[in-house]
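J.: Once you've had a glance at the structure underneath, I'll fire off some questions.
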Amino acid sequence: MEKFIVKGEVQLNGNIRVSGAKNAILPIMAATLLCSGISIIHDIPYLRDITVMQDILGLLGAKITREGSTLLVDTTNIKEIEIPEHLMREMRASVFLMGPLLGRFNKVRLSYPGGCAIGPRPIDLHIKALEKIGARVKESFGFIKASADCLTGGEINFDYPSVGATENAMMASVLASGLTVIRNAAREPEIYDLQVFLNKMGARITGAGTDTIQIYGCEKLVPAEHTVMSDRIQAGTFLLAAAITRGDIVVENIMPEHLFTLIDKLKDIGAQITMGNNFIRVKAGDLRGVDIKTLPYPGFPTDLQAPLLSLLTVATGTSIITETIFENRFKHVNELLRMGAKIKVEGRTAIIRGMPKLTGAIVAATDLRAGGALVLAALAAEGISEIENVYHIDRGYERLEEKLQSLGANISRHKMG
């Protein structure tokens, strides 16, 4: 168990490069199971979730080699179609393995996935999508078993644009016979990145990034080489760090169009924004409150709600955040209250009354993005803060303390106890 110790009230300045996106890497790693051979994936950060996915693939029979920021995934000897329960419970993204294992072997068995405690994320949409292309799914005693004599193209109409269900349906459909059409598909950039990787493998997919995706089934796929897209959530966290510390940060290796909703809100808050083809610069100004509602992409991302809430605790005036994606995504509020924040939660709405400054305190990360929010709050707070349970933060931010140190932050990692 480790913690961060942060001495606040230090302006952050400088340039920072964003690494590959965790939310793109995990489904792409799962997609390597669709064929036999060695796939090569570049720009892979050292993250706990990626390590867990490596462990799962290894237990299924894959051989994984890491060379710096590159992963080589050899799926030649995949034999298992059952995912160990203890690893399923550790990471929700393991549900991505349903689609490719079913697509390649026509069967898969797994337990219900675990992950961050930010609210129920039922997988009924995944199951219904697989049934639409010919899978038979049985649920009993906490396990899910899916099988098919032959997957065939079908019409998948989602009640809600679920990212994970969209990606699972894409991976299961690429080896099905005929045409599969996914309507009301999620539109996140990470889904487009998965399409790019699958098409490099020989798939025939169009429409990712829109609400309608078409998958023309093919008989066989081949290994591919791919550089994953940059992490827009990590990028957004650093942009918010510039604003909350009254600093000046240039975030590089990003696509500004992926963050337009955040950029617009930062402008409304009072930050000065400069953009290029692959960078965004945020220079802090006088901060003022805004109202925000999280929505599926291209709306404001739920993964940036917690970090933005930290910024609004020190903005002038009153702000209102409405969380429409996950019902338990205000757990960081109780920790921010320890730091002097003025926040009231009513159902899925948080009302924030801005304060001149926060004060250092001992707090604990309750999930990945809550952890990022607490780090931002500590960077701006008067005095010293201790942030416990940093293993949550390590799930999605690679060596966060080192990157913040490069910008001038006074933050260090320590063993607890």
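The way I read the labels, and the way they are meant: chains A, B, ... in the order of the structure tokens, residue 1 as the first residue of every chain, and ligand 1 as the first ligand shown, with later ones counted on from there.
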May I have the residues within 9 Å of Leu404 (chain A) as a tab-separated table (two decimals) with C-alpha atoms, in the first residue's frame, using only C-alpha atoms and disregarding those fewer than 4 positions away in the same chain?
T.:
chain	number	residue	atom	x	y	z
A	12	LEU	CA	2.77	24.00	-12.51
A	16	ILE	CA	4.10	17.16	-20.79
A	238	PHE	CA	-3.13	17.81	-16.98
A	399	ARG	CA	3.86	7.34	-12.78
A	400	LEU	CA	1.69	10.36	-12.16
A	408	GLY	CA	7.31	21.61	-10.75
A	409	ALA	CA	4.91	19.84	-8.38
A	410	ASN	CA	6.03	18.94	-4.85
A	411	ILE	CA	4.65	15.39	-4.79
J.: Within 9 Å of region 350-372 of chain A, which residues of region 281-315 of chain A come that close, and what is the closest atom pair and distance in Å for each? Count only C-alpha atoms and give it as a Markdown table.
T.:
| residue | atom | partner | partner_atom | distance |
| --- | --- | --- | --- | --- |
| A:Arg288 | CA | A:Gly354 | CA | 8.2 |
| A:Gly289 | CA | A:Gly354 | CA | 7.3 |
| A:Asp303 | CA | A:Arg369 | CA | 6.2 |
| A:Leu304 | CA | A:Arg369 | CA | 7.3 |
| A:Gln305 | CA | A:Arg369 | CA | 8.2 |
| A:Ala306 | CA | A:Ala370 | CA | 5.7 |
| A:Pro307 | CA | A:Gly372 | CA | 6.1 |
| A:Leu309 | CA | A:Ile352 | CA | 7.9 |
| A:Leu312 | CA | A:Gly354 | CA | 6.2 |
| A:Thr313 | CA | A:Gly354 | CA | 4.6 |
| A:Val314 | CA | A:Gly354 | CA | 4.8 |
| A:Ala315 | CA | A:Gly354 | CA | 4.8 |
J.: If we count only C-alpha atoms and set the cut-off at 10 Å, which residues sit around Gln54 (chain A), ignoring sequence neighbours fewer than 6 positions away in its own chain? Please answer as an mmCIF file with C-alpha atoms, in the first residue's frame.
T.:
data_model
loop_
_atom_site.group_PDB
_atom_site.id
_atom_site.type_symbol
_atom_site.label_atom_id
_atom_site.label_comp_id
_atom_site.auth_asym_id
_atom_site.auth_seq_id
_atom_site.Cartn_x
_atom_site.Cartn_y
_atom_site.Cartn_z
ATOM 1 C CA LEU A 26 -7.514 -2.806 -23.306
ATOM 2 C CA MET A 29 -5.280 -6.254 -26.430
ATOM 3 C CA ALA A 30 -8.455 -8.334 -26.278
ATOM 4 C CA ARG A 48 -2.087 -1.666 -13.369
ATOM 5 C CA LEU A 60 -5.394 -18.086 -21.734
ATOM 6 C CA ALA A 62 -0.803 -15.999 -24.971
ATOM 7 C CA LYS A 63 2.877 -15.151 -24.758
ATOM 8 C CA ILE A 64 3.451 -11.469 -24.050
ATOM 9 C CA THR A 65 6.753 -9.659 -24.387
ATOM 10 C CA LEU A 71 3.827 -4.985 -26.406
ATOM 11 C CA VAL A 73 1.226 -10.396 -28.067
#
J.: Distance CA of Leu175 (chain A)-CA of Phe105 (chain A), one decimal place?
T.: 10.2 Å
J.: Would you please extract all strand (DSSP E) residues from region 222-290 of chain A, as assigned by DSSP on the backbone, and give them as a ChimeraX atom specification?
T.: /A:225-227,248-252,272-275,279-283
J.: Between CA of Ile78 (chain A) and CA of Ile41 (chain A), what is the distance, to one decimal in Å?
T.: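 Here the two named atoms are 18.4 Å from each other.
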J.: Please list as a ChimeraX atom specification every residue within 12 Å of Ala176 (chain A), counting only C-alpha atoms and excluding residues in the same chain fewer than 5 positions away.
T.: /A:34,99-100,102-106,130,132-135,148-154,169-171,181,203-204,215-221
J.: At a cut-off of 7 Å, using only C-alpha atoms, what residues contact Glu252 (chain A)? Leave out same-chain residues fewer than 5 positions from it and give the result as an MDAnalysis selection string.
T.: chainID A and resid 16:18 278:280
J.: Using the selection just defined, write its residues with C-alpha atoms as an mmCIF file, in the first residue's frame.
T.:
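Writing the result to again.cif gives the following:
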data_model
loop_
_atom_site.group_PDB
_atom_site.id
_atom_site.type_symbol
_atom_site.label_atom_id
_atom_site.label_comp_id
_atom_site.auth_asym_id
_atom_site.auth_seq_id
_atom_site.Cartn_x
_atom_site.Cartn_y
_atom_site.Cartn_z
ATOM 1 C CA ILE A 16 4.103 17.164 -20.794
ATOM 2 C CA ARG A 17 3.569 14.296 -23.264
ATOM 3 C CA VAL A 18 0.486 12.114 -22.986
ATOM 4 C CA ASN A 278 -1.230 17.835 -31.577
ATOM 5 C CA PHE A 279 -1.073 20.048 -28.494
ATOM 6 C CA ILE A 280 -3.169 22.193 -26.180
#
J.: Between A:Ala21, A:Ile40, A:Ala284, A:Ile205, which has the minimum distance to Leu179 (chain A) (counting only C-alpha atoms)?
T.: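 Closest residue, counting only C-alpha atoms: A:Ile205.
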J.: For Ile249 (chain A), list every protein, DNA or RNA residue within 9 Å, evaluated using only C-alpha atoms, and leave out those in the same chain fewer than 3 positions away; present the list as a PyMOL selection string.
T.: chain A and resi 12-16+238-239+241-243+280-283+407
J.: Take the residues just selected and output them with C-alpha atoms as a tab-separated table (two decimals), in the first residue's frame.
T.:
chain	number	residue	atom	x	y	z
A	12	LEU	CA	2.77	24.00	-12.51
A	13	ASN	CA	4.53	25.03	-15.71
A	14	GLY	CA	6.09	23.27	-18.67
A	15	ASN	CA	5.43	20.67	-21.34
A	16	ILE	CA	4.10	17.16	-20.79
A	238	PHE	CA	-3.13	17.81	-16.98
A	239	LEU	CA	-5.07	20.66	-18.59
A	241	ALA	CA	-3.90	20.84	-13.36
A	242	ALA	CA	-2.73	23.98	-15.15
A	243	ALA	CA	-5.93	25.80	-14.28
A	280	ILE	CA	-3.17	22.19	-26.18
A	281	ARG	CA	-1.80	24.93	-23.94
A	282	VAL	CA	-3.73	26.08	-20.87
A	283	LYS	CA	-2.74	29.23	-19.04
A	407	LEU	CA	6.08	20.36	-14.12
J.: What parts of region 167-200 of chain A does DSSP call alpha helix (DSSP H)? I'd like the answer as a list in words.
T.: Glu167, Asn168, Ala169, Met170, Met171, Ala172, Ser173, Pro189, Glu190, Ile191, Tyr192, Asp193, Leu194, Gln195, Val196, Phe197, Leu198, Asn199 and Lys200 of chain A
J.: With C-alpha atoms retained, could you export that selection as a PDB file, in the first residue's frame?
T.:
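Written out: part-v8.pdb:
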ATOM      1  CA  GLU A 167     -16.638  -2.799 -28.763  1.00  0.00           C
ATOM      2  CA  ASN A 168     -17.600  -6.343 -27.754  1.00  0.00           C
ATOM      3  CA  ALA A 169     -20.167  -6.508 -30.541  1.00  0.00           C
ATOM      4  CA  MET A 170     -17.596  -5.284 -33.072  1.00  0.00           C
ATOM      5  CA  MET A 171     -15.063  -7.931 -32.047  1.00  0.00           C
ATOM      6  CA  ALA A 172     -17.588 -10.764 -31.999  1.00  0.00           C
ATOM      7  CA  SER A 173     -18.966  -9.802 -35.424  1.00  0.00           C
ATOM      8  CA  PRO A 189     -12.652   7.993 -30.234  1.00  0.00           C
ATOM      9  CA  GLU A 190     -11.407   4.760 -28.641  1.00  0.00           C
ATOM     10  CA  ILE A 191     -14.004   2.858 -30.688  1.00  0.00           C
ATOM     11  CA  TYR A 192     -12.616   4.345 -33.887  1.00  0.00           C
ATOM     12  CA  ASP A 193      -9.122   3.294 -32.779  1.00  0.00           C
ATOM     13  CA  LEU A 194     -10.375  -0.273 -32.318  1.00  0.00           C
ATOM     14  CA  GLN A 195     -11.849  -0.157 -35.832  1.00  0.00           C
ATOM     15  CA  VAL A 196      -8.475   0.917 -37.212  1.00  0.00           C
ATOM     16  CA  PHE A 197      -6.731  -2.000 -35.481  1.00  0.00           C
ATOM     17  CA  LEU A 198      -9.326  -4.577 -36.543  1.00  0.00           C
ATOM     18  CA  ASN A 199      -9.194  -3.378 -40.157  1.00  0.00           C
ATOM     19  CA  LYS A 200      -5.406  -3.762 -40.081  1.00  0.00           C
TER      20      LYS A 200
END
J.: So that I can see what lies close to Tyr297 (chain A), please list as a ChimeraX atom specification the residues with an atom at most 8 Å from it, counting only C-alpha atoms and leaving out residues fewer than 6 positions away in the same chain.
T.: /A:186-188
J.: Give the answer as one residue: which of A:Asp49, A:Glu67, A:Asp159, A:Glu82 has the shortest atom-to-atom distance to His126 (chain A), using only C-alpha atoms?
T.: A:Asp159
J.: With only C-alpha atoms as the basis for distance, which of A:Gln234, A:Ser412, A:Ser36, A:Ser111 is at the shortest distance from Met91 (chain A)?
T.: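 Counting only C-alpha atoms, the residue closest to Met91 (chain A) is A:Ser111.
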J.: Could you tell me how far CA of Val163 (chain A) sits from CA of Thr210 (chain A), in Å to one decimal place?
T.: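 Atom-to-atom, CA of Thr210 (chain A) to CA of Val163 (chain A), that is 12.2 Å.
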J.: So which one's closest to Thr237 (chain A), A:Gly8, A:Gly285, A:Gly299, A:Gly396? Using only C-alpha atoms, please.
T.: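 Closest to Thr237 (chain A), using only C-alpha atoms: A:Gly396.
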J.: I'd like to know which of A:Pro256, A:Pro84, A:Gly68, A:Gly247 is closest to Met53 (chain A), using only C-alpha atoms.
T.: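 With only C-alpha atoms as the atom set, the closest residue is A:Pro84.
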